[in-house]
file protein15.pdb (PDB, C-alpha atoms)
ATOM      1  CA  MET A   1      95.357 157.010 110.382
ATOM      2  CA  SER A   2      97.065 159.714 108.343
ATOM      3  CA  ILE A   3     100.178 161.346 109.751
ATOM      4  CA  LEU A   4      99.864 164.971 110.824
ATOM      5  CA  ALA A   5      96.106 165.363 110.764
ATOM      6  CA  PRO A   6      95.180 168.927 109.703
ATOM      7  CA  GLU A   7      93.141 169.710 112.810
ATOM      8  CA  THR A   8      96.038 168.997 115.190
ATOM      9  CA  ALA A   9      99.062 170.054 113.165
ATOM     10  CA  GLN A  10     100.840 173.180 114.352
ATOM     11  CA  THR A  11     102.705 173.836 111.102
ATOM     12  CA  ARG A  12     100.271 172.402 108.660
ATOM     13  CA  PRO A  13      98.523 175.314 106.912
ATOM     14  CA  PHE A  14     101.636 176.744 105.235
ATOM     15  CA  VAL A  15     103.490 173.472 104.676
ATOM     16  CA  ARG A  16     100.498 171.557 103.360
ATOM     17  CA  GLU A  17      99.605 174.410 101.040
ATOM     18  CA  PHE A  18     103.188 174.691  99.796
ATOM     19  CA  PHE A  19     103.275 171.022  98.856
ATOM     20  CA  ARG A  20      99.719 171.048  97.516
ATOM     21  CA  HIS A  21     100.752 173.660  94.953
ATOM     22  CA  ALA A  22     103.974 171.789  94.210
ATOM     23  CA  LEU A  23     102.134 168.490  93.641
ATOM     24  CA  GLU A  24      99.353 170.030  91.574
ATOM     25  CA  GLY A  25     101.783 172.050  89.482
ATOM     26  CA  GLY A  26     104.345 169.280  89.041
ATOM     27  CA  THR A  27     107.042 171.417  90.660
ATOM     28  CA  LEU A  28     108.035 169.129  93.524
ATOM     29  CA  ALA A  29     111.807 169.354  93.914
ATOM     30  CA  HIS A  30     113.965 166.230  94.317
ATOM     31  CA  ALA A  31     115.700 167.539  97.458
ATOM     32  CA  TYR A  32     114.580 169.817 100.294
ATOM     33  CA  LEU A  33     116.333 171.335 103.253
ATOM     34  CA  PHE A  34     113.771 171.719 106.048
ATOM     35  CA  LYS A  35     115.107 174.552 108.182
ATOM     36  CA  GLY A  36     113.802 175.337 111.652
ATOM     37  CA  ARG A  37     114.170 174.982 115.391
ATOM     38  CA  GLN A  38     111.362 172.524 116.131
ATOM     39  CA  MET A  39     112.673 169.226 114.873
ATOM     40  CA  LYS A  40     109.818 166.864 115.645
ATOM     41  CA  PRO A  41     107.270 168.700 113.439
ATOM     42  CA  MET A  42     109.822 168.822 110.611
ATOM     43  CA  TYR A  43     110.499 165.088 110.883
ATOM     44  CA  GLU A  44     106.781 164.323 111.014
ATOM     45  CA  THR A  45     106.207 166.552 107.998
ATOM     46  CA  ALA A  46     108.775 164.517 106.057
ATOM     47  CA  LEU A  47     106.841 161.360 106.974
ATOM     48  CA  TRP A  48     103.557 163.031 106.019
ATOM     49  CA  LEU A  49     104.941 163.934 102.592
ATOM     50  CA  ALA A  50     106.211 160.364 102.172
ATOM     51  CA  GLN A  51     102.727 159.147 103.026
ATOM     52  CA  VAL A  52     101.088 161.440 100.477
ATOM     53  CA  LEU A  53     103.523 160.412  97.753
ATOM     54  CA  ASN A  54     103.057 156.690  98.391
ATOM     55  CA  CYS A  55      99.336 156.623  99.139
ATOM     56  CA  THR A  56      97.487 154.384  96.673
ATOM     57  CA  ASP A  57      94.100 156.033  97.278
ATOM     58  CA  ARG A  58      94.785 159.754  97.636
ATOM     59  CA  PRO A  59      91.571 161.731  98.271
ATOM     60  CA  ALA A  60      93.336 164.924  97.098
ATOM     61  CA  PRO A  61      96.765 165.830  95.665
ATOM     62  CA  ALA A  62      98.211 166.707  99.100
ATOM     63  CA  GLU A  63      96.286 164.268 101.265
ATOM     64  CA  ALA A  64      96.789 160.637 102.183
ATOM     65  CA  CYS A  65      93.950 158.200 102.802
ATOM     66  CA  GLY A  66      95.574 156.807 105.941
ATOM     67  CA  ALA A  67      94.085 153.369 105.281
ATOM     68  CA  CYS A  68      96.044 151.756 102.433
ATOM     69  CA  GLN A  69      99.009 149.476 103.108
ATOM     70  CA  ASN A  70     101.567 152.177 102.338
ATOM     71  CA  CYS A  71      99.861 154.674 104.633
ATOM     72  CA  ARG A  72      99.732 152.167 107.477
ATOM     73  CA  TRP A  73     103.413 151.310 107.053
ATOM     74  CA  ILE A  74     104.440 154.966 107.146
ATOM     75  CA  THR A  75     102.157 155.679 110.108
ATOM     76  CA  ARG A  76     104.245 153.073 111.974
ATOM     77  CA  ASN A  77     107.464 154.554 110.468
ATOM     78  CA  ALA A  78     108.201 151.151 108.995
ATOM     79  CA  HIS A  79     107.897 151.589 105.218
ATOM     80  CA  PRO A  80     110.737 149.863 103.309
ATOM     81  CA  ALA A  81     111.166 152.844 100.966
ATOM     82  CA  VAL A  82     111.088 155.580 103.634
ATOM     83  CA  LEU A  83     114.464 155.620 105.346
ATOM     84  CA  THR A  84     115.939 157.740 108.123
ATOM     85  CA  VAL A  85     119.687 158.262 107.777
ATOM     86  CA  SER A  86     121.449 159.322 110.984
ATOM     87  CA  ARG A  87     124.288 158.286 113.289
ATOM     88  CA  LEU A  88     121.920 155.959 115.135
ATOM     89  CA  THR A  89     120.152 154.286 112.212
ATOM     90  CA  GLN A  90     122.295 151.739 110.458
ATOM     91  CA  LEU A  91     121.535 150.619 106.931
ATOM     92  CA  ASP A  92     124.602 148.456 106.322
ATOM     93  CA  GLU A  93     125.181 145.118 108.047
ATOM     94  CA  GLU A  94     128.734 145.921 109.185
ATOM     95  CA  SER A  95     127.724 149.051 111.093
ATOM     96  CA  PHE A  96     124.619 147.344 112.431
ATOM     97  CA  LYS A  97     126.689 144.552 113.978
ATOM     98  CA  LYS A  98     129.295 146.974 115.329
ATOM     99  CA  VAL A  99     126.770 149.219 117.066
ATOM    100  CA  ALA A 100     124.752 146.259 118.346
ATOM    101  CA  LYS A 101     127.895 144.719 119.837
ATOM    102  CA  THR A 102     129.465 147.799 121.414
ATOM    103  CA  ARG A 103     126.249 149.745 122.164
ATOM    104  CA  LYS A 104     128.219 152.835 121.137
ATOM    105  CA  PRO A 105     126.645 154.886 118.374
ATOM    106  CA  LEU A 106     128.722 156.209 115.522
ATOM    107  CA  THR A 107     129.837 159.823 115.817
ATOM    108  CA  GLN A 108     129.078 160.587 112.161
ATOM    109  CA  ILE A 109     127.045 159.311 109.254
ATOM    110  CA  SER A 110     129.597 156.934 107.798
ATOM    111  CA  THR A 111     130.594 156.378 104.197
ATOM    112  CA  ASN A 112     129.438 152.764 104.663
ATOM    113  CA  GLN A 113     125.927 154.016 105.396
ATOM    114  CA  ILE A 114     125.971 156.180 102.267
ATOM    115  CA  ALA A 115     127.302 153.309 100.153
ATOM    116  CA  GLU A 116     124.520 151.034 101.403
ATOM    117  CA  LEU A 117     121.929 153.743 100.752
ATOM    118  CA  LEU A 118     123.180 154.271  97.203
ATOM    119  CA  GLY A 119     123.068 150.526  96.622
ATOM    120  CA  GLN A 120     119.424 150.446  97.678
ATOM    121  CA  LEU A 121     118.572 153.441  95.491
ATOM    122  CA  ALA A 122     120.195 151.771  92.488
ATOM    123  CA  ARG A 123     117.583 149.020  92.637
ATOM    124  CA  SER A 124     114.234 149.577  90.965
ATOM    125  CA  SER A 125     111.252 150.201  93.211
ATOM    126  CA  GLU A 126     107.520 150.573  92.792
ATOM    127  CA  TYR A 127     107.457 153.097  95.647
ATOM    128  CA  CYS A 128     108.404 156.732  95.935
ATOM    129  CA  ARG A 129     111.529 156.559  98.042
ATOM    130  CA  VAL A 130     111.900 159.284 100.661
ATOM    131  CA  ILE A 131     115.267 159.574 102.390
ATOM    132  CA  ILE A 132     115.274 161.658 105.576
ATOM    133  CA  PHE A 133     118.660 162.877 106.794
ATOM    134  CA  THR A 134     118.740 164.068 110.401
ATOM    135  CA  ASP A 135     120.655 163.672 113.616
ATOM    136  CA  LEU A 136     119.089 161.629 116.418
ATOM    137  CA  GLU A 137     119.858 161.131 120.059
ATOM    138  CA  GLU A 138     118.529 158.802 122.729
ATOM    139  CA  VAL A 139     116.549 160.290 125.617
ATOM    140  CA  PRO A 140     115.751 158.541 128.906
ATOM    141  CA  GLU A 141     111.975 158.738 128.651
ATOM    142  CA  ALA A 142     109.190 159.640 126.250
ATOM    143  CA  GLY A 143     108.191 163.303 126.025
ATOM    144  CA  HIS A 144     106.605 165.817 123.690
ATOM    145  CA  GLU A 145     109.785 165.897 121.546
ATOM    146  CA  THR A 146     110.261 162.146 121.175
ATOM    147  CA  LEU A 147     109.672 160.542 117.793
ATOM    148  CA  LEU A 148     108.093 157.357 116.600
ATOM    149  CA  PRO A 149     111.443 155.609 115.976
ATOM    150  CA  PRO A 150     112.169 154.378 112.450
ATOM    151  CA  ALA A 151     112.136 150.620 112.006
ATOM    152  CA  GLU A 152     115.811 150.600 111.011
ATOM    153  CA  TRP A 153     116.637 151.716 114.591
ATOM    154  CA  ARG A 154     113.755 150.089 116.466
ATOM    155  CA  ASN A 155     114.648 146.641 115.113
ATOM    156  CA  MET A 156     118.142 146.679 116.620
ATOM    157  CA  PRO A 157     118.389 144.442 119.725
ATOM    158  CA  GLY A 158     117.562 146.285 122.937
ATOM    159  CA  ASN A 159     116.013 149.334 121.282
ATOM    160  CA  GLU A 160     112.371 148.341 121.645
ATOM    161  CA  GLU A 161     111.864 150.362 124.823
ATOM    162  CA  ARG A 162     114.305 153.170 124.047
ATOM    163  CA  HIS A 163     113.281 156.675 122.988
ATOM    164  CA  LEU A 164     114.602 159.062 120.352
ATOM    165  CA  ARG A 165     114.389 162.728 119.572
ATOM    166  CA  ALA A 166     115.607 164.539 116.470
ATOM    167  CA  ILE A 167     118.312 167.177 116.675
ATOM    168  CA  PRO A 168     119.580 169.354 113.806
ATOM    169  CA  LEU A 169     121.852 167.853 111.200
ATOM    170  CA  ASN A 170     125.189 169.628 110.726
ATOM    171  CA  ARG A 171     128.389 169.415 108.724
ATOM    172  CA  LYS A 172     130.129 167.363 111.417
ATOM    173  CA  ILE A 173     127.469 164.643 111.377
ATOM    174  CA  LEU A 174     127.111 164.611 107.588
ATOM    175  CA  ASN A 175     130.772 165.294 106.863
ATOM    176  CA  PRO A 176     132.423 166.033 103.496
ATOM    177  CA  HIS A 177     133.628 162.436 102.994
ATOM    178  CA  SER A 178     130.136 160.988 103.354
ATOM    179  CA  ALA A 179     128.409 163.864 101.556
ATOM    180  CA  ASN A 180     130.745 163.671  98.565
ATOM    181  CA  ARG A 181     129.803 160.017  98.048
ATOM    182  CA  MET A 182     126.222 161.029  97.316
ATOM    183  CA  LEU A 183     126.536 164.332  95.433
ATOM    184  CA  LYS A 184     126.042 162.849  91.969
ATOM    185  CA  THR A 185     122.971 160.928  93.167
ATOM    186  CA  LEU A 186     121.662 164.064  94.876
ATOM    187  CA  GLU A 187     122.031 165.981  91.611
ATOM    188  CA  GLU A 188     120.501 163.253  89.450
ATOM    189  CA  PRO A 189     118.480 160.930  91.699
ATOM    190  CA  SER A 190     116.696 157.820  90.550
ATOM    191  CA  PRO A 191     113.074 158.356  89.478
ATOM    192  CA  ASN A 192     110.588 158.773  92.322
ATOM    193  CA  THR A 193     113.264 159.584  94.878
ATOM    194  CA  LEU A 194     113.060 162.489  97.317
ATOM    195  CA  PHE A 195     115.785 163.637  99.715
ATOM    196  CA  ILE A 196     114.909 165.657 102.822
ATOM    197  CA  PHE A 197     117.520 167.162 105.138
ATOM    198  CA  LEU A 198     116.539 168.495 108.576
ATOM    199  CA  SER A 199     118.646 171.254 110.097
ATOM    200  CA  ASP A 200     118.348 174.539 111.948
ATOM    201  CA  SER A 201     120.204 176.672 109.398
ATOM    202  CA  GLU A 202     121.854 176.598 106.005
ATOM    203  CA  GLU A 203     125.132 177.692 107.597
ATOM    204  CA  SER A 204     125.215 174.477 109.660
ATOM    205  CA  MET A 205     125.179 172.362 106.524
ATOM    206  CA  LEU A 206     127.789 171.758 103.845
ATOM    207  CA  ASP A 207     127.455 174.171 100.927
ATOM    208  CA  THR A 208     127.536 171.218  98.526
ATOM    209  CA  ILE A 209     124.337 169.904 100.111
ATOM    210  CA  VAL A 210     122.586 173.271 100.473
ATOM    211  CA  SER A 211     123.232 174.222  96.838
ATOM    212  CA  ARG A 212     121.473 171.059  95.652
ATOM    213  CA  CYS A 213     118.363 171.521  97.810
ATOM    214  CA  GLN A 214     115.370 173.798  97.849
ATOM    215  CA  THR A 215     115.224 175.360 101.306
ATOM    216  CA  LEU A 216     111.872 175.335 103.051
ATOM    217  CA  PRO A 217     111.876 177.471 106.220
ATOM    218  CA  PHE A 218     109.577 176.233 108.962
ATOM    219  CA  VAL A 219     108.100 179.402 110.430
ATOM    220  CA  PHE A 220     105.235 178.453 112.698
ATOM    221  CA  GLU A 221     102.070 180.551 112.667
ATOM    222  CA  SER A 222     102.223 180.725 116.484
ATOM    223  CA  GLN A 223     105.938 181.496 116.446
ATOM    224  CA  PRO A 224     106.959 184.852 114.895
ATOM    225  CA  GLU A 225     110.318 185.448 113.252
ATOM    226  CA  THR A 226     113.058 185.882 115.832
ATOM    227  CA  GLU A 227     114.725 188.608 113.787
ATOM    228  CA  HIS A 228     112.278 191.450 113.303
ATOM    229  CA  LEU A 229     112.637 193.986 110.534
ATOM    230  CA  LEU A 230     113.045 197.650 111.372
ATOM    231  CA  GLY A 231     109.983 199.753 110.701
ATOM    232  CA  ALA A 232     111.941 201.936 108.285
ATOM    233  CA  HIS A 233     113.033 198.840 106.347
ATOM    234  CA  CYS A 234     109.447 197.609 106.112
ATOM    235  CA  GLN A 235     108.185 200.988 104.904
ATOM    236  CA  PHE A 236     110.845 201.142 102.217
ATOM    237  CA  LEU A 237     110.269 197.560 101.076
ATOM    238  CA  ASP A 238     106.476 197.979 101.042
ATOM    239  CA  ARG A 239     106.930 200.675  98.407
ATOM    240  CA  TRP A 240     109.888 199.039  96.626
ATOM    241  CA  VAL A 241     108.258 195.614  96.268
ATOM    242  CA  GLY A 242     105.054 197.271  95.050
ATOM    243  CA  LEU A 243     107.012 198.556  92.044
ATOM    244  CA  LEU A 244     108.262 195.114  90.975
ATOM    245  CA  GLN A 245     106.740 194.642  87.528
ATOM    246  CA  PRO A 246     108.039 193.114  84.260
ATOM    247  CA  ASP A 247     108.333 196.541  82.631
ATOM    248  CA  THR A 248     110.083 198.167  85.611
ATOM    249  CA  ASP A 249     113.616 199.504  85.127
ATOM    250  CA  PHE A 250     115.354 196.859  87.214
ATOM    251  CA  TYR A 251     118.699 198.696  87.024
ATOM    252  CA  GLU A 252     117.127 201.650  88.795
ATOM    253  CA  MET A 253     115.428 199.299  91.283
ATOM    254  CA  THR A 254     118.770 197.611  91.968
ATOM    255  CA  ASP A 255     120.511 200.929  92.576
ATOM    256  CA  GLU A 256     117.761 202.057  94.935
ATOM    257  CA  LEU A 257     117.876 198.806  96.932
ATOM    258  CA  ARG A 258     121.654 198.901  97.342
ATOM    259  CA  ARG A 259     121.739 202.623  98.086
ATOM    260  CA  ARG A 260     119.167 202.171 100.850
ATOM    261  CA  PHE A 261     120.692 199.191 102.614
ATOM    262  CA  GLU A 262     124.369 199.160 101.691
ATOM    263  CA  THR A 263     125.189 202.887 101.422
ATOM    264  CA  GLU A 264     122.789 204.375 103.970
ATOM    265  CA  HIS A 265     122.636 201.517 106.499
ATOM    266  CA  GLY A 266     126.046 199.930 105.984
ATOM    267  CA  LEU A 267     124.773 196.398 105.278
ATOM    268  CA  THR A 268     126.715 193.914 103.197
ATOM    269  CA  PRO A 269     125.073 192.537 100.022
ATOM    270  CA  LEU A 270     124.393 189.264 101.878
ATOM    271  CA  GLN A 271     122.764 191.130 104.770
ATOM    272  CA  THR A 272     120.662 193.049 102.268
ATOM    273  CA  LEU A 273     119.391 189.776 100.833
ATOM    274  CA  ASP A 274     118.714 188.524 104.375
ATOM    275  CA  VAL A 275     116.510 191.582 105.027
ATOM    276  CA  LEU A 276     114.693 191.040 101.727
ATOM    277  CA  GLN A 277     114.218 187.360 102.501
ATOM    278  CA  ARG A 278     112.753 188.060 105.944
ATOM    279  CA  TYR A 279     110.446 190.677 104.445
ATOM    280  CA  PHE A 280     109.026 188.221 101.905
ATOM    281  CA  ARG A 281     108.594 185.508 104.540
ATOM    282  CA  GLN A 282     106.860 187.778 107.030
ATOM    283  CA  SER A 283     104.627 189.225 104.306
ATOM    284  CA  PHE A 284     103.769 185.730 103.158
ATOM    285  CA  HIS A 285     102.813 184.494 106.617
ATOM    286  CA  ALA A 286     100.788 187.636 107.312
ATOM    287  CA  ASP A 287      98.925 187.279 104.026
ATOM    288  CA  PHE A 288      98.613 183.484 103.867
ATOM    289  CA  PRO A 289      95.557 182.925 106.142
ATOM    290  CA  SER A 290      93.298 184.969 103.873
ATOM    291  CA  ASN A 291      94.919 184.224 100.510
ATOM    292  CA  GLY A 292      96.266 180.685 100.852
ATOM    293  CA  GLN A 293      93.920 179.380  98.165
ATOM    294  CA  ASP A 294      95.019 182.005  95.607
ATOM    295  CA  SER A 295      97.407 179.904  93.511
ATOM    296  CA  ALA A 296      98.945 182.805  91.589
ATOM    297  CA  ARG A 297      99.531 184.810  94.765
ATOM    298  CA  PHE A 298     100.963 181.773  96.545
ATOM    299  CA  ARG A 299     103.396 181.023  93.723
ATOM    300  CA  ARG A 300     104.496 184.663  93.574
ATOM    301  CA  TYR A 301     105.480 184.623  97.232
ATOM    302  CA  THR A 302     107.261 181.275  97.119
ATOM    303  CA  ASP A 303     109.013 182.106  93.835
ATOM    304  CA  ARG A 304     110.309 185.375  95.266
ATOM    305  CA  ILE A 305     111.535 183.660  98.422
ATOM    306  CA  ARG A 306     113.257 181.025  96.273
ATOM    307  CA  GLN A 307     114.909 183.674  94.072
ATOM    308  CA  VAL A 308     116.429 185.377  97.110
ATOM    309  CA  GLU A 309     117.572 182.039  98.555
ATOM    310  CA  GLN A 310     119.344 181.196  95.299
ATOM    311  CA  ALA A 311     121.006 184.609  95.279
ATOM    312  CA  ARG A 312     122.248 184.058  98.854
ATOM    313  CA  LYS A 313     123.824 180.761  97.819
ATOM    314  CA  MET A 314     125.536 182.422  94.863
ATOM    315  CA  LEU A 315     126.944 185.185  97.065
ATOM    316  CA  ILE A 316     128.193 182.665  99.624
ATOM    317  CA  ALA A 317     130.012 180.958  96.745
ATOM    318  CA  SER A 318     131.766 184.301  96.056
ATOM    319  CA  THR A 319     130.020 184.921  92.773
ATOM    320  CA  ASN A 320     130.188 188.453  91.325
ATOM    321  CA  THR A 321     128.141 190.594  93.729
ATOM    322  CA  ASP A 322     126.898 193.232  91.273
ATOM    323  CA  GLN A 323     125.743 190.612  88.816
ATOM    324  CA  VAL A 324     123.993 188.514  91.471
ATOM    325  CA  ILE A 325     122.048 191.452  92.930
ATOM    326  CA  SER A 326     120.977 192.857  89.558
ATOM    327  CA  GLN A 327     119.960 189.410  88.258
ATOM    328  CA  THR A 328     117.940 188.827  91.432
ATOM    329  CA  VAL A 329     116.069 192.125  91.095
ATOM    330  CA  TYR A 330     115.387 191.347  87.437
ATOM    331  CA  ALA A 331     114.026 187.905  88.380
ATOM    332  CA  LEU A 332     111.839 189.425  91.106
ATOM    333  CA  CYS A 333     110.365 191.849  88.548
ATOM    334  CA  GLN A 334     109.384 188.944  86.303
ATOM    335  CA  VAL A 335     107.581 186.931  89.011
TER     336      VAL A 335
END
call {"tool": "encode", "arguments": {"input": "protein15.pdb", "output": "structure tokens"}}
result
Amino acid sequence: MSILAPETAQTRPFVREFFRHALEGGTLAHAYLFKGRQMKPMYETALWLAQVLNCTDRPAPAEACGACQNCRWITRNAHPAVLTVSRLTQLDEESFKKVAKTRKPLTQISTNQIAELLGQLARSSEYCRVIIFTDLEEVPEAGHETLLPPAEWRNMPGNEERHLRAIPLNRKILNPHSANRMLKTLEEPSPNTLFIFLSDSEESMLDTIVSRCQTLPFVFESQPETEHLLGAHCQFLDRWVGLLQPDTDFYEMTDELRRRFETEHGLTPLQTLDVLQRYFRQSFHADFPSNGQDSARFRRYTDRIRQVEQARKMLIASTNTDQVISQTVYALCQV
């Protein structure tokens, strides 16, 4: 059975289409930050992508057969190359013995876990390795949020009948000491290696991790954005975005954008980018059901969202504001 069957998946249309275009176009990134509030669908989507990438009999670029050995392993969350890294899942023997003996989970992802992970990644593999970073916690009984536990946790003595749910990763769980051990590998991973981080916001994560990932917001079709745009903002951006063309005077477009939001409405440059980002996301999700198969249209939306995300990261890093905003508007005109 294939993970996350299309007919039952709540998030599937957008996410599957996003990765279908990435796989067909050869633009799959080496690291993603899955950002959202519903952790179980994000975790299952990471497993689904691992299944697609490792399937030996793919019926389509973004589909898994569900029947080959790799698919069956991942359906059971037991594939040797698909690892969940959290406080509760131990990859190194020392931590495994310590947790098994004391029954007290670690409070952070340890440097020992990262060292063991890097050692495994240094070895050659015939599989596409997918490393899922998340936080996990035990719950007393199974429910709609509980996960199929990864084998690296399920195989610990006494865990067979225990239940897990995913909770957002943050900078306390994946702390600077552990994160710094893996930055070089995250920048230049081994071939056929994909990192996926699950959190509820970019602000919760270390900037060093966020800057090395492509952020993929999980906005559910049945769950509208929590922060709605003002009608006046939408009206302005409907007209402003309609003028984004390669031959447009992007200096004039930049001045108009900043005058509207920063001068007239008192927003900071970062808040202005947040408004622009929400506008593109909401427009995308409103347009997607009828135009999801239009590859050029799909890429335009996702490229624009990515351009704004990159600009936000540059502003957070205290890069020159004027240059960041003008470069972003120029890039949006070229998409």
call {"tool": "closest_residue", "arguments": {"input": "protein15.pdb", "among": "A:Cys65, A:Leu183, A:Leu174, A:Ala60", "to": "Gln108 (chain A)", "atoms": "only C-alpha atoms"}}
result
A:Leu174
call {"tool": "closest_residue", "arguments": {"input": "protein15.pdb", "among": "A:Gln90, A:Gly25, A:Thr263, A:Asn180", "to": "Ala296 (chain A)", "atoms": "all atoms listed in the file"}}
result
A:Gly25
call {"tool": "atom_distance", "arguments": {"input": "protein15.pdb", "atom1": "CA of Asn70 (chain A)", "atom2": "CA of Cys55 (chain A)"}}
result
5.9 Å
call {"tool": "residues_around", "arguments": {"input": "protein15.pdb", "residues": "region 193-208 of chain A", "least_positions_apart": "2", "cutoff": "6 Å", "atoms": "all atoms listed in the file", "output": "list in words"}}
result
His30, Ala31, Tyr32, Leu33, Phe34, Lys35, Gly36, Arg37, Cys128, Arg129, Val130, Ile131, Ile132, Phe133, Thr134, Pro168, Leu169, Asn170, Arg171, Ser190, Pro191, Val210 and Ser211 of chain A
call {"tool": "closest_residue", "arguments": {"input": "protein15.pdb", "among": "A:Gly143, A:His233, A:Asp247, A:Ile114", "to": "Thr185 (chain A)", "atoms": "only C-alpha atoms"}}
result
A:Ile114
call {"tool": "atom_distance", "arguments": {"input": "protein15.pdb", "atom1": "CA of Leu23 (chain A)", "atom2": "CA of Thr84 (chain A)"}}
result
22.7 Å
call {"tool": "resolve_selection", "arguments": {"input": "protein15.pdb", "expression": "the PyMOL selection byres ((chain A and resi 62) around 9)", "output": "PyMOL selection string"}}
result
chain A and resi 16-17+19-21+23-24+49+52-53+58-61+63-64
call {"tool": "residues_around", "arguments": {"input": "protein15.pdb", "residues": "Leu332 (chain A)", "least_positions_apart": "5", "cutoff": "9 Å", "atoms": "all atoms listed in the file", "output": "short mmCIF file (atom, residue, chain, number, x, y, z; two decimals) with C-alpha atoms, keeping the file's coordinate frame"}}
result
data_model
loop_
_atom_site.label_atom_id
_atom_site.label_comp_id
_atom_site.auth_asym_id
_atom_site.auth_seq_id
_atom_site.Cartn_x
_atom_site.Cartn_y
_atom_site.Cartn_z
CA VAL A 241 108.26 195.61 96.27
CA LEU A 244 108.26 195.11 90.98
CA GLN A 245 106.74 194.64 87.53
CA PRO A 246 108.04 193.11 84.26
CA ASP A 303 109.01 182.11 93.84
CA ARG A 304 110.31 185.38 95.27
CA GLN A 307 114.91 183.67 94.07
CA VAL A 308 116.43 185.38 97.11
CA GLN A 327 119.96 189.41 88.26
#
call {"tool": "closest_residue", "arguments": {"input": "protein15.pdb", "among": "A:Phe261, A:Phe298, A:Tyr43, A:Phe250", "to": "Glu145 (chain A)", "atoms": "only C-alpha atoms"}}
result
A:Tyr43
call {"tool": "closest_residue", "arguments": {"input": "protein15.pdb", "among": "A:Ala81, A:Leu267, A:Cys333, A:Ile109", "to": "Arg123 (chain A)", "atoms": "all atoms listed in the file"}}
result
A:Ala81
call {"tool": "decode", "arguments": {"input": "protein15.pdb", "residues": "region 296-300 of chain A", "atoms": "all heavy atoms", "output": "compact mmCIF listing (two decimals), in the first residue's frame"}}
result
# COMPACT_ATOMS: atom_id res chain seq x y z
N ALA A 296 3.60 26.03 -16.29
CA ALA A 296 4.19 27.37 -16.28
C ALA A 296 3.56 28.22 -15.18
O ALA A 296 4.26 28.95 -14.46
CB ALA A 296 4.00 28.03 -17.64
N ARG A 297 2.25 28.13 -15.04
CA ARG A 297 1.54 28.90 -14.02
C ARG A 297 1.96 28.43 -12.62
O ARG A 297 2.17 29.23 -11.71
CB ARG A 297 0.04 28.73 -14.23
CG ARG A 297 -0.83 29.76 -13.51
CD ARG A 297 -2.31 29.42 -13.76
NE ARG A 297 -3.18 30.47 -13.32
CZ ARG A 297 -3.75 31.36 -14.13
NH1 ARG A 297 -3.52 31.30 -15.43
NH2 ARG A 297 -4.56 32.28 -13.66
N PHE A 298 2.06 27.12 -12.46
CA PHE A 298 2.46 26.56 -11.17
C PHE A 298 3.85 27.04 -10.78
O PHE A 298 4.08 27.47 -9.65
CB PHE A 298 2.43 25.03 -11.26
CG PHE A 298 2.65 24.33 -9.94
CD1 PHE A 298 1.58 23.92 -9.16
CD2 PHE A 298 3.94 24.08 -9.48
CE1 PHE A 298 1.79 23.28 -7.95
CE2 PHE A 298 4.15 23.44 -8.27
CZ PHE A 298 3.07 23.04 -7.51
N ARG A 299 4.79 26.97 -11.71
CA ARG A 299 6.16 27.40 -11.41
C ARG A 299 6.22 28.89 -11.09
O ARG A 299 7.01 29.31 -10.24
CB ARG A 299 7.08 27.06 -12.59
CG ARG A 299 7.48 25.59 -12.65
CD ARG A 299 8.66 25.40 -13.59
NE ARG A 299 8.33 25.78 -14.95
CZ ARG A 299 7.80 24.96 -15.85
NH1 ARG A 299 7.55 23.71 -15.52
NH2 ARG A 299 7.52 25.38 -17.07
N ARG A 300 5.39 29.68 -11.78
CA ARG A 300 5.41 31.12 -11.52
C ARG A 300 5.01 31.41 -10.07
O ARG A 300 5.64 32.21 -9.38
CB ARG A 300 4.46 31.85 -12.48
CG ARG A 300 4.55 33.38 -12.38
CD ARG A 300 3.60 34.07 -13.36
NE ARG A 300 3.88 33.64 -14.73
CZ ARG A 300 3.01 32.95 -15.49
NH1 ARG A 300 1.83 32.61 -15.00
NH2 ARG A 300 3.32 32.61 -16.71
